[in-house]
Amino acid sequence: MNAIINFASNLIRGVSSNKDVFKFNGGVHPYDHKAESTTLPIAQLAIPEKLILPLRQHVGYIPKVLVQVGNFVLKGQMLAKAEGTVSAAIHAPTSGTITAINQQVIPHPSGLPDMCITLTPDGKDTWMQLQAIDWKNTDKKTLIGSLRSSGIVGLGGATFPTHIKLHTNGKSNIHTLIINAAECEPYITCDDMLMRERADQVIKGIEIVQYLLGAEKCIIGIEDNKPQAASAMTMACVGKDIQIKVVPTLYPSGDARRLIHLLLDIEIPNDKRSTDIGIQVFNIATVLAVYRYFEFGEPSIARIVTMTGNVAQPQNFEVLFGTPLQSLIAAAGGANPDTTHYIMGGPMMGFDLPSEQVPITKAANCIIAATADLFAAPPPAMPCIRCARCAEACPVNLQPQELYWFSKANNFEKARDYNLFDCIECGCCTYVCPSNIPLVQYYRYAKSEIIALDKAKESADLARERNDFRLVRIEREKLERAQKHAERAQAGKTETKLAEATKEKPPEKLGTAANTEVTTDKQAAIAAAIARAKAQKLASANVAELPVENIATSATTKPPEVEVAELKAKQEKQALIAAAIERAKAQKLVAAQAGVTPKNVENVSAAVQAEINEIDALREKVKLAANTKKPE
Amino acid sequence: MNRSPYITDASTVSMIMLKVLVALVPGIIAYTWIYGGGILVSLAIATTTALAAEALLLKARQRPVKPYLTDMSAVVTAWLLALALPPLAPWWLIVIGTFFAIAIAKQLYGGLGYNPFNPAMVGYAVLLISFPLIMTKWPAPLLLAEHPLSFMEQLKFIFSHVLPNDIKVDAITSATPLDYLKTQLMLKHEVASIREAPIFGHFGATGGEIVTSAYLLGGLYLIQQRIISWHLPTAFLAALAVVSLAFYAISPAHYANPLFHLMSGASILCAFFIITDPVSGPTTPRGKLYFAAGVGILTYLIRVYGGYPDGVAFAVLLMNMCVPLIDSLTQPRVFGHKK
């Protein structure tokens, strides 16, 4: 009987009792381990002896360093300036001296070193002159522009520069702002504690962001395992037009697309961004950083980090960027002796840190001291038994078992067909796999292989194209040399004739004729050069755009290349024809004005004609090659 | 290096297989009660043969023996085959069937996870084709038998085919209801009168329907434990019921009612334990529905029109062939892709 009741309840389980919240497919319920690090309030971590600031703490271009070794800097002073559109500035977390700008180990899955600025604090922690921004009386464009120098990036872990997410080009179509406070990964509690302790500031930050986006609606999504945070936020929201929705604890509800689905029952199409349909998602800690920047002029110099796992006293700390991990470990009472290594992020999507010396960066939401017990190595993988538990757990509704077969067999095209690139690498499939197959690892491998193959193919195509054009160019230069030769020879003869003619004709006329000859020839050459440059520019612009397009829609690699090749050939040809016409016109004019026909013109053109024909044939070949590529 | 996730739930292949075995226990208890302890001997013979064959083939294929032997999948195959065979089947029949299932149908195709056909059903089909006479003769349930055999007598019969002096082999065996129904219908009898024979119980076979109910209990446990999804048994039973109802509605005199089909033969065992073999079955939810419905319809058609009394084994094997096609045609819509 129990079994029957359970069966019935299993059938009903899909229907959520909370009508406000919608359900996404799949997801898993790992034990959350959040209680450990929420017993104590957020503590301020002392200024360490040395701060190491990686230049790459965000998604995008590396910022430009503004300081030199030996410079004294004040707290909050900009050390590196955002360069390019997608970039973020770096600021001094405290006052002190720049003691090094060099390669250092950074917290990155690759474990490779990268450029860092080392700041040795003077201990005085002297702020630079900060300027609050009266955001209510400043126009949005100025506000967003100034945010570019705030160094604020998405603090949920994605580290996408915030000013870009707010950049609306004046005409915002964002109607809903979603504040992501789901914090669905186990162990991480930095957002939880932030909401408990700083709800008022968060709400003010939300108001600023909502104003900048022009969003009418704002919803805060919090998982139901954070009741204290939810009630603190509810208290702070009283009288405000901000909605708080408590969503069931289910990893990965904190994934932006999952959260949007949970809160609004909207599926963001796979080929669109949420902003395309008027929804923007901000992490809750980011919003607080925005508030502090506008209210106090404080740039992004610190964040709240959860230090948990195998340490004496897990706790959340407000940590200056650049603080070495070991200071944080020491502040949490030190790691227990059986600690094997440290993980940055949560246990579902985090990565191993290469050492205890790595600095805390903008992406560091959580550090877990790991032991062999906490994160036991899985038993050896067994074969896939096609139980499809992974498919049931996949929040994107993929068929992980199929992707696994294809990835394992290096059948990358098939993996792509089965939407490998929709995989968000949340790890749910690996989590549930009874055969202990590291499925996500296979997907990471297949993705990187596919990207590498695409790139290789692209560069091979480019190289082939370049070679084709090199051949054309060589021929063209040959032709031009021959033509110049001929022109010079012809000019010499004309001059002799003209010299004879001057005896009969007035000198002014000769001057004009000679001048005209020179100018028209020059003009023709310039026109030809311009035409050629334009053609090349256009072609190279198209080529330059290619990689970007390929990353976005790698399936459509072929057509743009063909277009480029054709366009190039066409425009080169047009430019040459135009130049030839100009030249012919100029010659005609000279001849008409001089009243003579150069005798050797026909001979020269006959000699050149062969070369022209040859080039035309070659060009035809290039075109043909480009065309034959089409059916692929 | 990025090697997340660092945590996994506790499930393992051997745990899944163990739960399937646990789910079979009520059925085995009922079986023992109805047909006597001989089934326990059959199970032991099948298990031993399966493990020996698995170990032998793993050795021959130079694969690690221990992890694969302890995954329990061979034991599941052995038990399912032993339960599908007639009680008191001679030991060599069990050995041949099990060996074929494990060595040929499973290991030669690549072992766990690689067999396209349900190993237990391959073993069953081989035996049914090779030894049709033994395979279709079932001993009567103990409560119907003129001479109920003791456990020792059953044991002796299994190993040496020797019965106590005063009993003939025919005296302890009888046709199964499905078989009996088929032969009697061919003799132009009507269903209602055929079903008056003592071998017919309330729904299916006398005694047999109790075993079937016990299987059902185990099957529901598997769904509750999320070892199997509801799609397969539901679609199989629904398809079998719908088809048999259609025929029954047309001519109740010539076709048995749906309940009889659901509760007799291997229907319930098939619904919860055989078509739910993940390796040889489809993976998509929609594919599971099609696959199971296909097995249900084929089972009925073979029962009614085929040459064998029950059609489960052939129906399963035929549908196993369609699995790659079913899977590729029933890919679910990926999140954010067009409906």
# chains A, B, ... in the order shown; residues from 1 in each chain; ligands from 1
$ select_by_dssp --residues "range 197-331 of chain B" --states "alpha helix (DSSP H)" --output "VMD selection string"
chain B and resid 208 to 224 231 to 250 258 to 263 267 to 269 285 to 305 312 to 329
$ interface_residues --of "chain B" --to "chain A" --cutoff "7 Å" --atoms "only C-alpha atoms" --output "count of residues only"
26
$ residues_around --residues "range 132-144 of chain B" --least-positions-apart "4" --cutoff "8 Å" --atoms "only C-alpha atoms" --output "NGL selection string"
:B and (34-36 or 85-89 or 127-128 or 148-149 or 172-176 or 179 or 198-199 or 206-208 or 309)
$ write_last_selection --atoms "C-alpha atoms" --output "mmCIF file, in the first residue's frame"
data_model
loop_
_atom_site.group_PDB
_atom_site.id
_atom_site.type_symbol
_atom_site.label_atom_id
_atom_site.label_comp_id
_atom_site.auth_asym_id
_atom_site.auth_seq_id
_atom_site.Cartn_x
_atom_site.Cartn_y
_atom_site.Cartn_z
ATOM 1 C CA ILE B 34 2.722 -22.100 -4.833
ATOM 2 C CA TYR B 35 5.157 -24.383 -6.630
ATOM 3 C CA GLY B 36 7.451 -25.574 -3.854
ATOM 4 C CA LEU B 85 11.491 -21.010 -16.912
ATOM 5 C CA PRO B 86 9.023 -23.697 -15.864
ATOM 6 C CA PRO B 87 9.420 -24.765 -12.242
ATOM 7 C CA LEU B 88 11.302 -28.038 -11.884
ATOM 8 C CA ALA B 89 13.118 -27.443 -15.175
ATOM 9 C CA LEU B 127 15.614 -22.604 -24.849
ATOM 10 C CA LEU B 128 12.096 -22.179 -26.173
ATOM 11 C CA PRO B 148 2.538 -32.637 -4.249
ATOM 12 C CA LEU B 149 6.288 -33.198 -4.305
ATOM 13 C CA ILE B 172 2.707 -33.549 -12.103
ATOM 14 C CA THR B 173 2.710 -31.359 -15.206
ATOM 15 C CA SER B 174 -0.041 -29.625 -17.053
ATOM 16 C CA ALA B 175 -0.405 -26.992 -19.701
ATOM 17 C CA THR B 176 -0.287 -23.362 -18.633
ATOM 18 C CA ASP B 179 -1.280 -22.763 -23.635
ATOM 19 C CA PRO B 198 -9.238 -25.843 -12.552
ATOM 20 C CA ILE B 199 -5.983 -24.367 -13.792
ATOM 21 C CA THR B 206 -4.668 -20.672 -10.189
ATOM 22 C CA GLY B 207 -1.722 -19.961 -7.950
ATOM 23 C CA GLY B 208 0.112 -18.197 -10.744
ATOM 24 C CA PRO B 309 1.718 -19.785 -25.822
#
$ atom_distance --atom1 "CA of Thr371 in chain A" --atom2 "CA of Ser355 in chain A"
14.9 Å
$ residues_around --residues "Ala236 in chain A" --least-positions-apart "5" --cutoff "8 Å" --atoms "only C-alpha atoms" --output "list in words"
Ala199, Asp200 and Ile203 of chain A
$ closest_residue --among "B:Pro116, B:Gly294, B:Gly204, B:Gly265" --to "Pro233 in chain B" --atoms "only C-alpha atoms"
B:Gly294
$ residues_around --residues "Ala271 in chain B" --least-positions-apart "5" --cutoff "7 Å" --atoms "only C-alpha atoms" --output "JSON, numbers by chain"
{"B": [232, 233, 236, 237]}
$ residues_around --residues "Tyr124 in chain B" --least-positions-apart "2" --cutoff "9 Å" --atoms "only C-alpha atoms" --output "CSV table (one decimal) with C-alpha atoms, in the first residue's frame"
chain,number,residue,atom,x,y,z
B,81,LEU,CA,15.6,-16.3,-16.5
B,84,ALA,CA,10.7,-17.3,-16.4
B,85,LEU,CA,11.5,-21.0,-16.9
B,97,GLY,CA,19.9,-20.9,-20.9
B,98,THR,CA,21.9,-18.9,-18.4
B,101,ALA,CA,22.3,-15.3,-21.8
B,119,PRO,CA,20.1,-11.3,-22.1
B,120,ALA,CA,17.5,-13.1,-20.0
B,121,MET,CA,15.1,-13.1,-23.0
B,122,VAL,CA,17.8,-14.3,-25.4
B,126,VAL,CA,17.1,-20.1,-27.2
B,127,LEU,CA,15.6,-22.6,-24.8
B,128,LEU,CA,12.1,-22.2,-26.2
B,129,ILE,CA,13.2,-22.9,-29.7
B,313,ALA,CA,10.4,-13.0,-25.0
$ residues_around --residues "Cys366 in chain A" --least-positions-apart "5" --cutoff "10 Å" --atoms "only C-alpha atoms" --output "list in words"
Gly157, Tyr187, Ile188, Thr189, Cys190, Ile304, Val305, Thr306, Met307, Thr308, Gly309, Asn316, Phe317, Ile343, Met344, Gly345, Gly346, Pro347, Gly350 and Ile360 of chain A
$ write_last_selection --atoms "C-alpha atoms" --output "CSV table (one decimal), in the first residue's frame"
chain,number,residue,atom,x,y,z
A,157,GLY,CA,31.2,34.2,-10.3
A,187,TYR,CA,28.7,25.4,0.9
A,188,ILE,CA,28.5,28.9,-0.4
A,189,THR,CA,26.8,31.4,2.0
A,190,CYS,CA,28.3,34.8,1.1
A,304,ILE,CA,32.5,38.8,0.8
A,305,VAL,CA,34.0,35.3,0.6
A,306,THR,CA,32.8,32.1,2.3
A,307,MET,CA,35.8,30.3,3.8
A,308,THR,CA,34.5,26.8,4.7
A,309,GLY,CA,35.1,23.1,4.5
A,316,ASN,CA,32.3,34.7,5.8
A,317,PHE,CA,34.8,37.4,5.5
A,343,ILE,CA,38.5,24.5,-4.1
A,344,MET,CA,37.3,27.9,-5.4
A,345,GLY,CA,33.5,28.1,-6.0
A,346,GLY,CA,31.1,25.4,-5.0
A,347,PRO,CA,31.6,21.6,-5.2
A,350,GLY,CA,34.3,25.0,-8.7
A,360,ILE,CA,41.3,36.4,-3.7
$ closest_residue --among "B:Pro282, B:Gly307, B:Pro164, B:Gly201" --to "Leu329 in chain B" --atoms "only C-alpha atoms"
B:Pro282
$ closest_residue --among "B:Ala214, B:Leu222, B:Ser150, B:His254" --to "Ser193 in chain B" --atoms "only C-alpha atoms"
B:His254
$ select_by_dssp --residues "range 282-479 of chain A" --states "strand (DSSP E)" --output "ChimeraX atom specification"
/A:282-283,302-309,315-320,341-344,351-352,366-370
